[in-house]
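Q: Structure provided below as structure tokens; questions to follow.
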Amino acid sequence: MPAKGKHRRPKSSSLTRGLAVVGTGGAALVLPVIGATAAGAAQAQPVAVEKAVAPAIAAAAPAPAKKAGPTTYSVVAGDSLSKIADQLAVSGGWKKLYQDNRKAVGDDPRLIHPGLELTVGKKAKAPSAKASASKASSSQRADRSERTSTLSTKKAAVVSKPAAYSNDLDGWIKESLDVMARHGIPGSYDGIHRNVMRESAGNPLAINNWDSNAAAGTPSKGLLQVIQPTFLAYHVPGTAMDSFDPVANITAACNYAADKYGSIDNVNGPY
């Protein structure tokens, strides 16, 4: 570094030299100032340059990690979309894997063959505002439909709930008519009631121990006085196997009457 002050050369020197300092931001550039006193200019002398050094922290900063992109999986014998999805921990499971590779797999997700290349980890396209609105609308419609379906189911359950039958002749006849309707057995309330009153006077435990059937060992029993062989032959499924049971007795007797006379309504005497 030259000392401060001016240095003069003898007057016979052809060049007057000086130094000028030009600011360049972080570095100082020292340039020679040459005064030409003769016909030819002297060549410039080498310049001194002070370079700025980048901070060490910036040089040592790590490069940002790259996000993992989609990978490719080659199907082998024994593979299934479900197995592959579990093995590769696919978010969304086999359905997402099939959705991303439907074009390659085809319409049946069960049919994948060895060597088939599957893309794993494909990014889903961001839904457009229109698609989002459509999806929200569909979800609302589905929710309304589900609520409507639930209400309909509840109403149907209320309608189909078995009626409460009274434990008397009126309730027994009404329950018997419902059972007969399910099995296509004809008969009316009046037809049944008329024959019950003639045969047993409405006593479900009535038994005839004096007629020819009783003498043969098969007495007539119950509301409509049915012998055991007839009861077993015309028993209606879903009712008790006891011929003294009021509903079982009525339905078996009406089933027999329908076979022999067309309906219990056509019976007006011993049958």
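Ligands are numbered from 1 in the order shown, residues from 1 within each chain, and chains are lettered A, B, ... in the order they appear in the structure tokens.
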Write out as a PyMOL selection string which residues come within 12 Å of Gly121 of chain A when counting only C-alpha atoms, dropping same-chain ones fewer than 6 positions away.
A: chain A and resi 67-73+85+88-94+96-101
Q: So that I have them on file, write out the residues from the current selection with N, CA, C and O atoms, as a CSV table (one decimal), in the first residue's frame.
A:
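Output saved as result08.csv:
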chain,number,residue,atom,x,y,z
A,67,LYS,N,-39.6,-34.1,-3.3
A,67,LYS,CA,-40.7,-34.9,-2.9
A,67,LYS,C,-40.7,-36.2,-3.8
A,67,LYS,O,-40.4,-36.1,-5.0
A,68,ALA,N,-41.0,-37.3,-3.2
A,68,ALA,CA,-41.1,-38.5,-3.9
A,68,ALA,C,-42.2,-38.5,-4.9
A,68,ALA,O,-43.3,-38.2,-4.6
A,69,GLY,N,-41.9,-38.8,-6.2
A,69,GLY,CA,-42.9,-38.9,-7.2
A,69,GLY,C,-43.5,-40.2,-7.3
A,69,GLY,O,-43.2,-41.2,-6.6
A,70,PRO,N,-44.4,-40.4,-8.3
A,70,PRO,CA,-45.0,-41.7,-8.5
A,70,PRO,C,-44.0,-42.8,-8.9
A,70,PRO,O,-43.0,-42.5,-9.5
A,71,THR,N,-44.2,-44.0,-8.4
A,71,THR,CA,-43.3,-45.1,-8.7
A,71,THR,C,-44.1,-46.1,-9.6
A,71,THR,O,-45.3,-46.1,-9.7
A,72,THR,N,-43.4,-47.1,-10.1
A,72,THR,CA,-43.9,-48.1,-11.0
A,72,THR,C,-43.8,-49.5,-10.3
A,72,THR,O,-42.7,-49.8,-9.8
A,73,TYR,N,-44.8,-50.3,-10.3
A,73,TYR,CA,-44.8,-51.6,-9.8
A,73,TYR,C,-45.1,-52.6,-10.9
A,73,TYR,O,-46.1,-52.4,-11.6
A,85,ALA,N,-51.7,-53.0,-2.7
A,85,ALA,CA,-52.0,-51.8,-2.0
A,85,ALA,C,-51.5,-51.9,-0.5
A,85,ALA,O,-51.0,-51.0,0.1
A,88,LEU,N,-47.6,-51.9,-0.4
A,88,LEU,CA,-46.9,-50.6,-0.7
A,88,LEU,C,-47.6,-49.5,0.1
A,88,LEU,O,-47.3,-48.3,-0.1
A,89,ALA,N,-48.5,-49.8,1.1
A,89,ALA,CA,-49.1,-48.9,1.9
A,89,ALA,C,-49.8,-47.7,1.1
A,89,ALA,O,-49.5,-46.6,1.4
A,90,VAL,N,-50.6,-48.1,0.1
A,90,VAL,CA,-51.2,-47.1,-0.8
A,90,VAL,C,-52.3,-46.4,0.0
A,90,VAL,O,-53.2,-47.1,0.5
A,91,SER,N,-52.2,-45.1,0.0
A,91,SER,CA,-53.3,-44.3,0.7
A,91,SER,C,-54.6,-44.5,-0.2
A,91,SER,O,-54.6,-44.1,-1.3
A,92,GLY,N,-55.6,-44.9,0.4
A,92,GLY,CA,-56.9,-45.2,-0.3
A,92,GLY,C,-57.1,-46.6,-0.7
A,92,GLY,O,-58.1,-47.0,-1.2
A,93,GLY,N,-56.1,-47.5,-0.4
A,93,GLY,CA,-56.2,-48.9,-0.6
A,93,GLY,C,-56.3,-49.3,-2.1
A,93,GLY,O,-55.9,-48.5,-3.0
A,94,TRP,N,-56.8,-50.5,-2.3
A,94,TRP,CA,-56.8,-51.0,-3.7
A,94,TRP,C,-57.8,-50.2,-4.6
A,94,TRP,O,-57.5,-50.2,-5.8
A,96,LYS,N,-58.1,-46.9,-4.7
A,96,LYS,CA,-57.3,-45.8,-5.2
A,96,LYS,C,-56.3,-46.3,-6.3
A,96,LYS,O,-56.1,-45.7,-7.3
A,97,LEU,N,-55.7,-47.5,-6.0
A,97,LEU,CA,-54.7,-48.1,-6.9
A,97,LEU,C,-55.4,-48.4,-8.2
A,97,LEU,O,-54.9,-48.2,-9.3
A,98,TYR,N,-56.6,-49.0,-8.1
A,98,TYR,CA,-57.4,-49.3,-9.4
A,98,TYR,C,-57.8,-48.1,-10.1
A,98,TYR,O,-57.7,-48.0,-11.3
A,99,GLN,N,-58.2,-47.0,-9.4
A,99,GLN,CA,-58.6,-45.8,-10.0
A,99,GLN,C,-57.5,-45.2,-10.8
A,99,GLN,O,-57.7,-44.7,-11.9
A,100,ASP,N,-56.3,-45.2,-10.2
A,100,ASP,CA,-55.1,-44.6,-10.9
A,100,ASP,C,-54.7,-45.4,-12.1
A,100,ASP,O,-54.0,-44.9,-13.0
A,101,ASN,N,-55.0,-46.7,-12.1
A,101,ASN,CA,-54.6,-47.6,-13.2
A,101,ASN,C,-55.7,-48.3,-14.0
A,101,ASN,O,-55.5,-49.3,-14.6
Q: Write out as a PyMOL selection string the residues lying within 12 Å of Met180 of chain A, counting only C-alpha atoms and excluding same-chain residues fewer than 6 positions away.
A: chain A and resi 173-174+186-189+192+235-239+247-248+250-256+258+263-264
Q: Can you work out the spacing between atom CA of Gln225 of chain A and atom CA of Leu205 of chain A in Å, to one decimal?
A: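 Rounded to one decimal, the two atoms are 9.6 Å apart.
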Q: Just the helix (DSSP H, G or I) stuff from segment 168-225 of chain A, please, per backbone DSSP, written as a list in words.
A: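 DSSP on the backbone gives helix (DSSP H, G or I) at Leu169, Asp170, Gly171, Trp172, Ile173, Lys174, Glu175, Ser176, Leu177, Asp178, Val179, Met180, Ala181, Arg182, Tyr189, Asp190, Gly191, Ile192, His193, Arg194, Asn195, Val196, Met197, Arg198, Glu199, Ser212, Asn213, Ala214 and Ala215 of chain A.
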Q: Using Å and a single decimal, report how far atom CA of Trp210 of chain A sits from atom CA of Trp172 of chain A.
A: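 Atom CA of Trp210 of chain A lies 26.8 Å from atom CA of Trp172 of chain A.
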Q: Residues near segment 104-114 of chain A, anyone? I mean within 8 Å using only C-alpha atoms, not counting same-chain ones fewer than 4 positions away, as an MDAnalysis selection string.
A: chainID A and resid 74:77 79:81 98 118
Q: In Å, rounded to a single decimal, give me how far atom CA of Leu232 of chain A is from atom CA of Arg182 of chain A.
A: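 It comes out at 19.2 Å.
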Q: I need the residue nearest Leu169 of chain A from this list: A:His183, A:Lys260, A:Lys95, A:Arg194. Use only C-alpha atoms for the distance.
A: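 Counting only C-alpha atoms, the residue closest to Leu169 of chain A is A:Arg194.
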